[in-house]
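K.L.:
My questions will all concern the structure given below.
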Amino acid sequence: MLLLVALLAAGVYYALTRFVFSGDSKPSDYEGAGTTSVTVEIPEGATGTQIADALVAKDVVATKQAFINVLAVNPEGTNIQPGTYELKLKMSANAALAALLDTANRVDVGITIPEGFRLSQLQERLKTRGGYTEAEVQAAFANPEAIGLPVEANGNAEGWIAPGTYQQKPDEPVESFVKSMIQRRIEQLDSLSVPSEQRQALLIKASILEREVNIDKYLPKVARVIENRLDPERGKEVLNKLQMDSTVAYAAGRTSGIPTADELKIDSPYNTYLHAGLPPTPIAFPGTGAIKAVLNPEAGNWLYFVSVNLNTGETVFVDTYDQFKEAKNQLKQFCESNPESC
């Protein structure tokens, strides 16, 4: 996310008109490319003034105004990315801006967590991309307090990491790094006004959506299917069982593919073909779209859904088991005509 340089804030605007447009003498500025190395962190969402403050605090630039003036005449300044940079002491404001726009000066590591990723996949990425050891990773997740995991997660971070890209600071402890990921999820749920006692169930449902649905427009409909199946009255036809393949795949330790006949018999609380209600934890890290769909499911009486065209993702939603069998026949016909897609 690009940092928005708030140069038109009242105080900054006054300073610009005073130093740039009124003819007053320019503020003091260092000359040249600087001396010894120093690291500077640019927070996400930092304004131009905040970036200038960070540079002055580390003696990278002489004054805040020198850097603000350079930003005012350099449109590229809006492209500064959040992260940790290796800069120089006593740089000119122009040199400092150029260094911040050069990604070669970034000394943090960007780790991306996709929507639908699982905790086990994140832990592996922390080792392969983050450079942490197996022992460090396991110790971090064994300490919920150290990683900022809310009590409603019941000690399990599955689902509580917000998908996105995170910048790993040099020598950052794994606990601190993971805590930033969980904090982003908490802030997301706060922004959606989700009560703390409802968050775990919300993330469980959203994680199932994330793994079941490949086309965003179907998210609210599948969210309604989940609610209908869990409803004490509406879900009687299916014995309040979700019967979602994604949960069985989680129980089997797989991240893709259709469950086998043997896997459908796995005696696991995550096997929603055998057990009614929700699984005990989320099964993946859901994105914002899935979460919003759970909060606002589409109106309908559907209990079943079937993808009837695996090329386009076209999906049929139906209310009864007989209609479900008809939809399954549509899928069978598609596969007979398009064996390469099935």
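In the structure tokens, chains take letters A, B, ... by order of appearance, with residues numbered from 1 within each chain and ligands from 1 in the order shown.
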List the spatial neighbours of stretch 251-253 of chain A as a VMD selection string - criterion: any atom at most 9 Å away, only C-alpha atoms, same-chain residues fewer than 5 positions off excluded.

P.N.:
chain A and resid 246 259 263 266 to 271

K.L.:
Based on DSSP run over this structure's backbone, return all residues of stretch 244-313 of chain A in alpha helix (DSSP H), as a list of chain:residue names.

P.N.:
A:Asp245, A:Ser246, A:Thr247, A:Val248, A:Ala249, A:Tyr250, A:Ala251, A:Ala252, A:Thr288, A:Gly289, A:Ala290, A:Ile291, A:Lys292, A:Ala293, A:Val294, A:Leu295

K.L.:
Next, dump the selected residues to file, keeping only C-alpha atoms, as a PDB file, in the first residue's frame.

P.N.:
ATOM      1  CA  ASP A 245     -15.076 -31.136   1.545  1.00  0.00           C
ATOM      2  CA  SER A 246     -12.683 -28.455   2.743  1.00  0.00           C
ATOM      3  CA  THR A 247     -13.033 -29.538   6.363  1.00  0.00           C
ATOM      4  CA  VAL A 248     -12.310 -33.166   5.486  1.00  0.00           C
ATOM      5  CA  ALA A 249      -9.234 -32.113   3.519  1.00  0.00           C
ATOM      6  CA  TYR A 250      -8.071 -30.251   6.634  1.00  0.00           C
ATOM      7  CA  ALA A 251      -8.601 -33.362   8.746  1.00  0.00           C
ATOM      8  CA  ALA A 252      -6.602 -35.374   6.200  1.00  0.00           C
ATOM      9  CA  THR A 288     -12.017  -9.822   4.040  1.00  0.00           C
ATOM     10  CA  GLY A 289     -14.481 -10.941   1.358  1.00  0.00           C
ATOM     11  CA  ALA A 290     -15.256 -14.202   3.130  1.00  0.00           C
ATOM     12  CA  ILE A 291     -15.609 -12.467   6.493  1.00  0.00           C
ATOM     13  CA  LYS A 292     -18.016  -9.876   5.104  1.00  0.00           C
ATOM     14  CA  ALA A 293     -20.050 -12.641   3.436  1.00  0.00           C
ATOM     15  CA  VAL A 294     -20.507 -14.394   6.785  1.00  0.00           C
ATOM     16  CA  LEU A 295     -21.615 -11.115   8.335  1.00  0.00           C
TER      17      LEU A 295
END

K.L.:
Using only C-alpha atoms, which of A:Ile283, A:Leu100, A:Val225, A:Val137 sits nearest A:Gln81?

P.N.:
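Smallest distance to A:Gln81 is found for A:Leu100.
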
K.L.:
Excluding stretch 186-193 of chain A and any residue of its chain fewer than 2 positions from it, enumerate the residues within 10 Å of it, using only C-alpha atoms, and give them as an mmCIF file with C-alpha atoms, in the first residue's frame.

P.N.:
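Everything below was put into selection15.cif:
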data_model
loop_
_atom_site.group_PDB
_atom_site.id
_atom_site.type_symbol
_atom_site.label_atom_id
_atom_site.label_comp_id
_atom_site.auth_asym_id
_atom_site.auth_seq_id
_atom_site.Cartn_x
_atom_site.Cartn_y
_atom_site.Cartn_z
ATOM 1 C CA GLY A 148 -0.848 -11.469 21.081
ATOM 2 C CA LEU A 149 -3.406 -14.218 20.455
ATOM 3 C CA PRO A 150 -6.814 -13.313 21.954
ATOM 4 C CA TRP A 160 -6.217 -15.499 13.281
ATOM 5 C CA ILE A 161 -3.560 -14.322 10.821
ATOM 6 C CA ALA A 162 -4.776 -11.643 8.418
ATOM 7 C CA SER A 180 1.943 -7.979 13.937
ATOM 8 C CA MET A 181 -0.019 -10.429 11.764
ATOM 9 C CA ILE A 182 -2.498 -11.225 14.511
ATOM 10 C CA GLN A 183 -2.832 -7.557 15.416
ATOM 11 C CA ARG A 184 -3.841 -6.790 11.831
ATOM 12 C CA PRO A 195 -17.987 -8.675 19.280
ATOM 13 C CA SER A 196 -15.117 -10.642 20.786
ATOM 14 C CA ARG A 199 -15.034 -13.795 16.481
ATOM 15 C CA LEU A 202 -17.035 -16.008 12.468
ATOM 16 C CA LEU A 203 -13.488 -16.987 11.502
ATOM 17 C CA THR A 288 -12.017 -9.822 4.040
ATOM 18 C CA ILE A 291 -15.609 -12.467 6.493
ATOM 19 C CA LYS A 292 -18.016 -9.876 5.104
ATOM 20 C CA LEU A 295 -21.615 -11.115 8.335
#

K.L.:
Quick one: everything within 10 Å of stretch 165-176 of chain A, counting only C-alpha atoms, minus sequence neighbours fewer than 6 positions away in the same chain. Send it as JSON, numbers by chain.

P.N.:
{"A": [1, 39, 41, 44, 82, 83, 84, 85, 106, 107, 108, 109, 110, 111, 112, 113, 114, 126, 127, 129, 130, 131, 132, 133, 136, 137, 138, 139, 140, 141, 143, 144, 145, 146, 147, 148]}

K.L.:
With only C-alpha atoms as the counted atoms, please give the residues lying no more than 12 Å from A:Gln330, apart from itself and same-chain residues fewer than 2 positions off, as JSON, numbers by chain.

P.N.:
{"A": [306, 307, 308, 309, 310, 314, 315, 316, 323, 324, 325, 326, 327, 328, 332, 333, 334, 335, 336, 337]}

K.L.:
Please provide as a list in words all residues within 12 Å of A:Ala57, with the sequence filter that same-chain residues fewer than 4 positions apart are discarded (counting only C-alpha atoms).

P.N.:
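The residues that qualify are Val38, Thr39, Val40, Glu41, Gln50, Ile51, Ala52, Asp53, Val61, Ala62, Thr63, Lys64, Leu89 and Lys90 of chain A.
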
K.L.:
Would you save the residues from that selection as a compact mmCIF listing (two decimals), in the first residue's frame, using N, CA and C atoms?

P.N.:
# COMPACT_ATOMS: atom_id res chain seq x y z
N VAL A 38 22.82 3.87 8.65
CA VAL A 38 21.86 3.87 9.74
C VAL A 38 20.54 3.31 9.19
N THR A 39 19.80 2.57 10.02
CA THR A 39 18.52 2.03 9.58
C THR A 39 17.38 2.93 10.05
N VAL A 40 16.39 3.08 9.19
CA VAL A 40 15.22 3.91 9.48
C VAL A 40 13.98 3.12 9.12
N GLU A 41 13.01 3.11 10.02
CA GLU A 41 11.75 2.41 9.75
C GLU A 41 10.69 3.41 9.32
N GLN A 50 5.52 12.70 8.93
CA GLN A 50 5.98 11.61 9.80
C GLN A 50 7.26 10.98 9.26
N ILE A 51 7.36 10.86 7.94
CA ILE A 51 8.60 10.34 7.34
C ILE A 51 9.75 11.29 7.64
N ALA A 52 9.48 12.58 7.48
CA ALA A 52 10.52 13.58 7.77
C ALA A 52 10.96 13.51 9.23
N ASP A 53 10.01 13.34 10.14
CA ASP A 53 10.34 13.22 11.56
C ASP A 53 11.25 12.02 11.81
N VAL A 61 18.52 13.48 7.70
CA VAL A 61 18.41 14.81 7.10
C VAL A 61 18.54 15.85 8.20
N ALA A 62 18.91 17.05 7.80
CA ALA A 62 19.18 18.11 8.78
C ALA A 62 17.92 18.62 9.46
N THR A 63 16.87 18.84 8.67
CA THR A 63 15.64 19.38 9.23
C THR A 63 14.43 18.75 8.56
N LYS A 64 13.34 18.77 9.27
CA LYS A 64 12.09 18.25 8.71
C LYS A 64 11.69 19.05 7.48
N LEU A 89 23.86 8.64 7.49
CA LEU A 89 23.81 9.84 8.31
C LEU A 89 24.14 11.06 7.46
N LYS A 90 23.49 12.18 7.77
CA LYS A 90 23.79 13.47 7.16
C LYS A 90 23.71 13.45 5.63

K.L.:
Pull the strand (DSSP E or B) assignments for stretch 2-210 of chain A out of DSSP run on the backbone, and list those residues as a PyMOL selection string.

P.N.:
chain A and resi 37-42+83-88+106+109-113+164-168

K.L.:
Show which residues sit within 7 Å of A:Arg229, as a PyMOL selection string. Count only C-alpha atoms, and ignore same-chain residues fewer than 6 positions away.

P.N.:
chain A and resi 235+238+240-242+303

K.L.:
Restrict the selected residues to C-alpha atoms and save them as a JSON list (two decimals), in the first residue's frame.

P.N.:
[["chain", "number", "residue", "atom", "x", "y", "z"],
["A", 235, "GLY", "CA", -30.90, -27.87, 8.96],
["A", 238, "VAL", "CA", -28.97, -32.63, 6.80],
["A", 240, "ASN", "CA", -27.08, -29.97, 10.98],
["A", 241, "LYS", "CA", -23.98, -31.33, 9.27],
["A", 242, "LEU", "CA", -22.05, -28.93, 7.05],
["A", 303, "LEU", "CA", -28.97, -26.35, 1.72]]

K.L.:
Pick out the closest residue to A:Ala98 from this set: A:Asn79, A:Thr255, A:Ser207, A:Asn296. Count only C-alpha atoms.

P.N.:
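Comparing A:Asn79, A:Thr255, A:Ser207, A:Asn296 against A:Ala98, the winner is A:Asn79.
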
K.L.:
Kindly indicate which residue among A:Ala276, A:Pro163, A:Gln121, A:Thr260 lies nearest to A:Glu210, using only C-alpha atoms for the distances.

P.N.:
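Looking at the shortest contact to A:Glu210, the residue is A:Pro163.
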
K.L.:
Would you please work out which residue, of A:Val56, A:Asp102, A:Leu97, A:Leu87, is nearest to A:Asn69 when using only C-alpha atoms?

P.N.:
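Once distances to A:Asn69 are computed over only C-alpha atoms, the minimum belongs to A:Leu97.
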